[in-house]
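A.B. asks: Structure supplied as coords04.cif; contents: mmCIF, C-alpha atoms.
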```cif
data_entry
loop_
_atom_site.group_PDB
_atom_site.id
_atom_site.type_symbol
_atom_site.label_atom_id
_atom_site.label_comp_id
_atom_site.auth_asym_id
_atom_site.auth_seq_id
_atom_site.Cartn_x
_atom_site.Cartn_y
_atom_site.Cartn_z
ATOM 1 C CA MET A 1 -128.623 -116.457 88.692
ATOM 2 C CA LYS A 2 -126.037 -113.983 87.495
ATOM 3 C CA GLN A 3 -123.126 -114.281 85.137
ATOM 4 C CA GLU A 4 -120.123 -111.948 84.965
ATOM 5 C CA PHE A 5 -116.856 -111.850 83.016
ATOM 6 C CA PHE A 6 -113.538 -110.170 83.752
ATOM 7 C CA ASN A 7 -110.360 -110.175 81.652
ATOM 8 C CA LEU A 8 -107.306 -109.866 83.901
ATOM 9 C CA GLN A 9 -104.189 -108.723 82.054
ATOM 10 C CA ILE A 10 -100.821 -109.685 83.532
ATOM 11 C CA ASN A 11 -97.507 -108.509 82.156
ATOM 12 C CA THR A 12 -94.834 -111.098 82.828
ATOM 13 C CA ASN A 13 -91.105 -110.610 82.959
ATOM 14 C CA GLY A 14 -89.853 -114.033 81.932
ATOM 15 C CA GLN A 15 -90.268 -117.548 83.253
ATOM 16 C CA ASN A 16 -91.780 -117.418 86.727
ATOM 17 C CA LEU A 17 -94.955 -117.855 88.762
ATOM 18 C CA TYR A 18 -97.036 -114.676 89.045
ATOM 19 C CA GLU A 19 -99.611 -114.642 91.819
ATOM 20 C CA PHE A 20 -102.950 -113.036 90.983
ATOM 21 C CA THR A 21 -105.018 -114.134 94.001
ATOM 22 C CA ASP A 22 -105.558 -110.576 95.277
ATOM 23 C CA GLN A 23 -106.804 -109.294 91.914
ATOM 24 C CA THR A 24 -109.315 -112.151 91.759
ATOM 25 C CA LEU A 25 -110.472 -111.612 95.348
ATOM 26 C CA ASN A 26 -110.908 -107.883 94.672
ATOM 27 C CA TRP A 27 -113.089 -108.630 91.629
ATOM 28 C CA ILE A 28 -115.207 -111.063 93.678
ATOM 29 C CA ASN A 29 -115.670 -108.476 96.444
ATOM 30 C CA GLU A 30 -116.395 -105.587 94.050
ATOM 31 C CA ASN A 31 -119.190 -107.633 92.459
ATOM 32 C CA ASN A 32 -120.546 -108.922 95.773
ATOM 33 C CA PHE A 33 -120.577 -112.537 94.596
ATOM 34 C CA LYS A 34 -122.170 -114.736 97.270
ATOM 35 C CA ASN A 35 -122.276 -118.341 96.028
ATOM 36 C CA GLY A 36 -121.295 -119.863 92.728
ATOM 37 C CA ILE A 37 -118.598 -121.160 90.426
ATOM 38 C CA LEU A 38 -115.598 -119.214 89.158
ATOM 39 C CA ASN A 39 -113.871 -120.517 86.051
ATOM 40 C CA LEU A 40 -110.434 -119.142 85.193
ATOM 41 C CA SER A 41 -109.088 -119.649 81.692
ATOM 42 C CA ILE A 42 -105.776 -118.509 80.232
ATOM 43 C CA GLN A 43 -105.841 -117.576 76.555
ATOM 44 C CA HIS A 44 -102.335 -118.734 75.711
ATOM 45 C CA THR A 45 -100.600 -122.019 74.858
ATOM 46 C CA SER A 46 -97.203 -121.191 76.348
ATOM 47 C CA ALA A 47 -98.318 -120.274 79.883
ATOM 48 C CA SER A 48 -100.631 -121.974 82.347
ATOM 49 C CA LEU A 49 -102.614 -121.624 85.550
ATOM 50 C CA VAL A 50 -101.844 -123.363 88.835
ATOM 51 C CA VAL A 51 -103.116 -123.363 92.387
ATOM 52 C CA GLN A 52 -99.986 -123.513 94.496
ATOM 53 C CA GLU A 53 -98.498 -122.716 97.885
ATOM 54 C CA ASN A 54 -98.115 -118.989 98.467
ATOM 55 C CA ALA A 55 -96.299 -119.077 101.833
ATOM 56 C CA ASP A 56 -92.802 -120.219 100.859
ATOM 57 C CA PRO A 57 -91.268 -118.868 97.617
ATOM 58 C CA ASP A 58 -88.890 -121.862 97.545
ATOM 59 C CA VAL A 59 -91.839 -123.915 96.262
ATOM 60 C CA GLN A 60 -92.063 -121.714 93.180
ATOM 61 C CA THR A 61 -88.304 -121.895 92.586
ATOM 62 C CA ASP A 62 -88.365 -125.681 92.870
ATOM 63 C CA LEU A 63 -91.329 -125.956 90.475
ATOM 64 C CA ILE A 64 -89.527 -123.936 87.814
ATOM 65 C CA LYS A 65 -86.343 -126.002 88.232
ATOM 66 C CA TYR A 66 -88.303 -129.264 88.098
ATOM 67 C CA PHE A 67 -90.157 -128.349 84.904
ATOM 68 C CA ASP A 68 -86.924 -127.138 83.286
ATOM 69 C CA LYS A 69 -85.355 -130.551 83.990
ATOM 70 C CA LEU A 70 -88.478 -132.410 82.867
ATOM 71 C CA VAL A 71 -88.749 -130.419 79.620
ATOM 72 C CA PRO A 72 -85.276 -129.150 78.691
ATOM 73 C CA MET A 73 -84.734 -126.109 76.490
ATOM 74 C CA ASP A 74 -82.740 -127.960 73.863
ATOM 75 C CA ASN A 75 -83.762 -127.284 70.242
ATOM 76 C CA SER A 76 -82.191 -130.575 69.111
ATOM 77 C CA LEU A 77 -85.095 -132.383 70.855
ATOM 78 C CA TYR A 78 -87.931 -130.608 68.998
ATOM 79 C CA ILE A 79 -89.186 -129.821 65.512
ATOM 80 C CA HIS A 80 -91.179 -126.712 66.543
ATOM 81 C CA THR A 81 -88.460 -124.154 67.385
ATOM 82 C CA THR A 82 -89.769 -121.102 65.529
ATOM 83 C CA GLU A 83 -89.575 -118.690 68.458
ATOM 84 C CA GLY A 84 -86.393 -119.917 70.134
ATOM 85 C CA LYS A 85 -85.197 -122.473 72.640
ATOM 86 C CA ASP A 86 -88.167 -121.937 74.982
ATOM 87 C CA ASP A 87 -90.825 -122.325 72.259
ATOM 88 C CA MET A 88 -91.735 -126.024 72.307
ATOM 89 C CA PRO A 89 -90.810 -126.512 75.995
ATOM 90 C CA ALA A 90 -93.322 -123.768 76.868
ATOM 91 C CA HIS A 91 -96.072 -125.588 74.961
ATOM 92 C CA ILE A 92 -95.232 -128.922 76.629
ATOM 93 C CA LYS A 93 -95.200 -127.364 80.117
ATOM 94 C CA SER A 94 -98.557 -125.764 79.401
ATOM 95 C CA ALA A 95 -99.959 -129.141 78.292
ATOM 96 C CA LEU A 96 -98.721 -130.755 81.529
ATOM 97 C CA THR A 97 -100.367 -128.180 83.788
ATOM 98 C CA ASN A 98 -103.716 -126.348 83.473
ATOM 99 C CA ASN A 99 -105.229 -123.866 81.070
ATOM 100 C CA GLN A 100 -108.449 -123.716 83.127
ATOM 101 C CA ILE A 101 -109.231 -123.870 86.825
ATOM 102 C CA THR A 102 -112.712 -123.954 88.352
ATOM 103 C CA LEU A 103 -113.209 -122.897 91.969
ATOM 104 C CA SER A 104 -116.202 -122.468 94.232
ATOM 105 C CA ILE A 105 -117.358 -119.319 95.980
ATOM 106 C CA LYS A 106 -119.339 -119.942 99.165
ATOM 107 C CA ASN A 107 -120.683 -117.222 101.460
ATOM 108 C CA LYS A 108 -118.630 -114.580 99.600
ATOM 109 C CA GLU A 109 -115.376 -116.561 100.048
ATOM 110 C CA LEU A 110 -113.221 -118.099 97.355
ATOM 111 C CA LEU A 111 -112.655 -121.657 98.543
ATOM 112 C CA LEU A 112 -108.870 -121.912 98.567
ATOM 113 C CA GLY A 113 -106.792 -123.666 101.208
ATOM 114 C CA THR A 114 -104.856 -121.784 103.876
ATOM 115 C CA TRP A 115 -101.577 -121.676 101.939
ATOM 116 C CA GLN A 116 -103.000 -121.735 98.417
ATOM 117 C CA GLY A 117 -102.763 -118.975 95.854
ATOM 118 C CA LEU A 118 -103.656 -118.515 92.183
ATOM 119 C CA TYR A 119 -100.713 -118.297 89.817
ATOM 120 C CA LEU A 120 -100.012 -117.637 86.189
ATOM 121 C CA PHE A 121 -97.128 -119.986 85.362
ATOM 122 C CA GLU A 122 -95.136 -118.234 82.635
ATOM 123 C CA HIS A 123 -93.110 -120.693 80.574
ATOM 124 C CA ARG A 124 -91.472 -118.220 78.173
ATOM 125 C CA LEU A 125 -88.146 -116.494 78.862
ATOM 126 C CA GLU A 126 -89.122 -113.099 77.409
ATOM 127 C CA SER A 127 -91.729 -110.665 78.746
ATOM 128 C CA GLN A 128 -95.311 -111.406 77.692
ATOM 129 C CA LYS A 129 -98.770 -109.874 78.045
ATOM 130 C CA ARG A 130 -101.159 -112.572 79.284
ATOM 131 C CA SER A 131 -104.962 -112.649 79.557
ATOM 132 C CA ILE A 132 -106.834 -114.631 82.171
ATOM 133 C CA ILE A 133 -110.595 -114.763 81.678
ATOM 134 C CA HIS A 134 -112.647 -114.910 84.880
ATOM 135 C CA HIS A 135 -116.177 -116.249 84.407
ATOM 136 C CA PHE A 136 -118.515 -116.248 87.411
ATOM 137 C CA LEU A 137 -121.843 -118.067 87.460
ATOM 138 C CA GLY A 138 -123.986 -117.889 90.588
ATOM 139 C CA GLU A 139 -125.594 -115.382 92.904
#
```
Would it be possible to restate this file's structure as structure tokens?

C.D. replies:
Amino acid sequence: MKQEFFNLQINTNGQNLYEFTDQTLNWINENNFKNGILNLSIQHTSASLVVQENADPDVQTDLIKYFDKLVPMDNSLYIHTTEGKDDMPAHIKSALTNNQITLSIKNKELLLGTWQGLYLFEHRLESQKRSIIHHFLGE
């Protein structure tokens, strides 16, 4: 049984979905992982992780619009507004999505669906530096 860690840094440029599937696949291939579990964990409370369609960018646009309607950027609705109009909405969006994702690796393949990709879902309007911890356990 082996265990490996990798800290993927992603610089964001405002609210958007940032695909990192290729970086994760490269790390899996470089380490010759055969079978096991991969846990992804984001170390932030104003961004999240999602597995989402990577074929049609309209899906990403619609997700952002939906979450903006669900959790409006209106400071009159929140007490926590220290960092601006996106502060509390970013925390709520993060709470509604995922801060960790666990996936399987079987026969050297990350088990994602045909149109699925790994995304950092940035909820803040300004540029951020985000860390996604990859933790592999297996062979």

A.B. asks: Can you measure atom CA of A:Ile10 to atom CA of A:Arg130 for me? One decimal in Å is fine.

C.D. replies: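 Interatomic distance here is 5.1 Å.
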
A.B. asks: Please evaluate the PyMOL selection byres ((chain A and resi 132) around 12) against the structure above and give the resulting residues as a ChimeraX atom specification.

C.D. replies: /A:5-11,18,20-21,23-24,39-44,47-49,99-101,118-121,129-131,133-135

A.B. asks: Do you have the atom CA of A:Lys2-atom CA of A:Leu112 distance handy?

C.D. replies: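 Separating atom CA of A:Lys2 from atom CA of A:Leu112 is a distance of 21.9 Å.
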
A.B. asks: Measuring between only C-alpha atoms, which one of A:Asn107, A:Ser46, A:Asn75, A:Thr102 shows the shortest distance to A:Phe136?

C.D. replies: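 Result for the nearest residue to A:Phe136: A:Thr102.
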
A.B. asks: From the options A:Asn26, A:Ser127, A:Asn98, A:Gln15, which residue's atoms come nearest to A:Ile64, counting all atoms listed in the file?

C.D. replies: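 The shortest atom-to-atom distance to A:Ile64 comes from A:Gln15.
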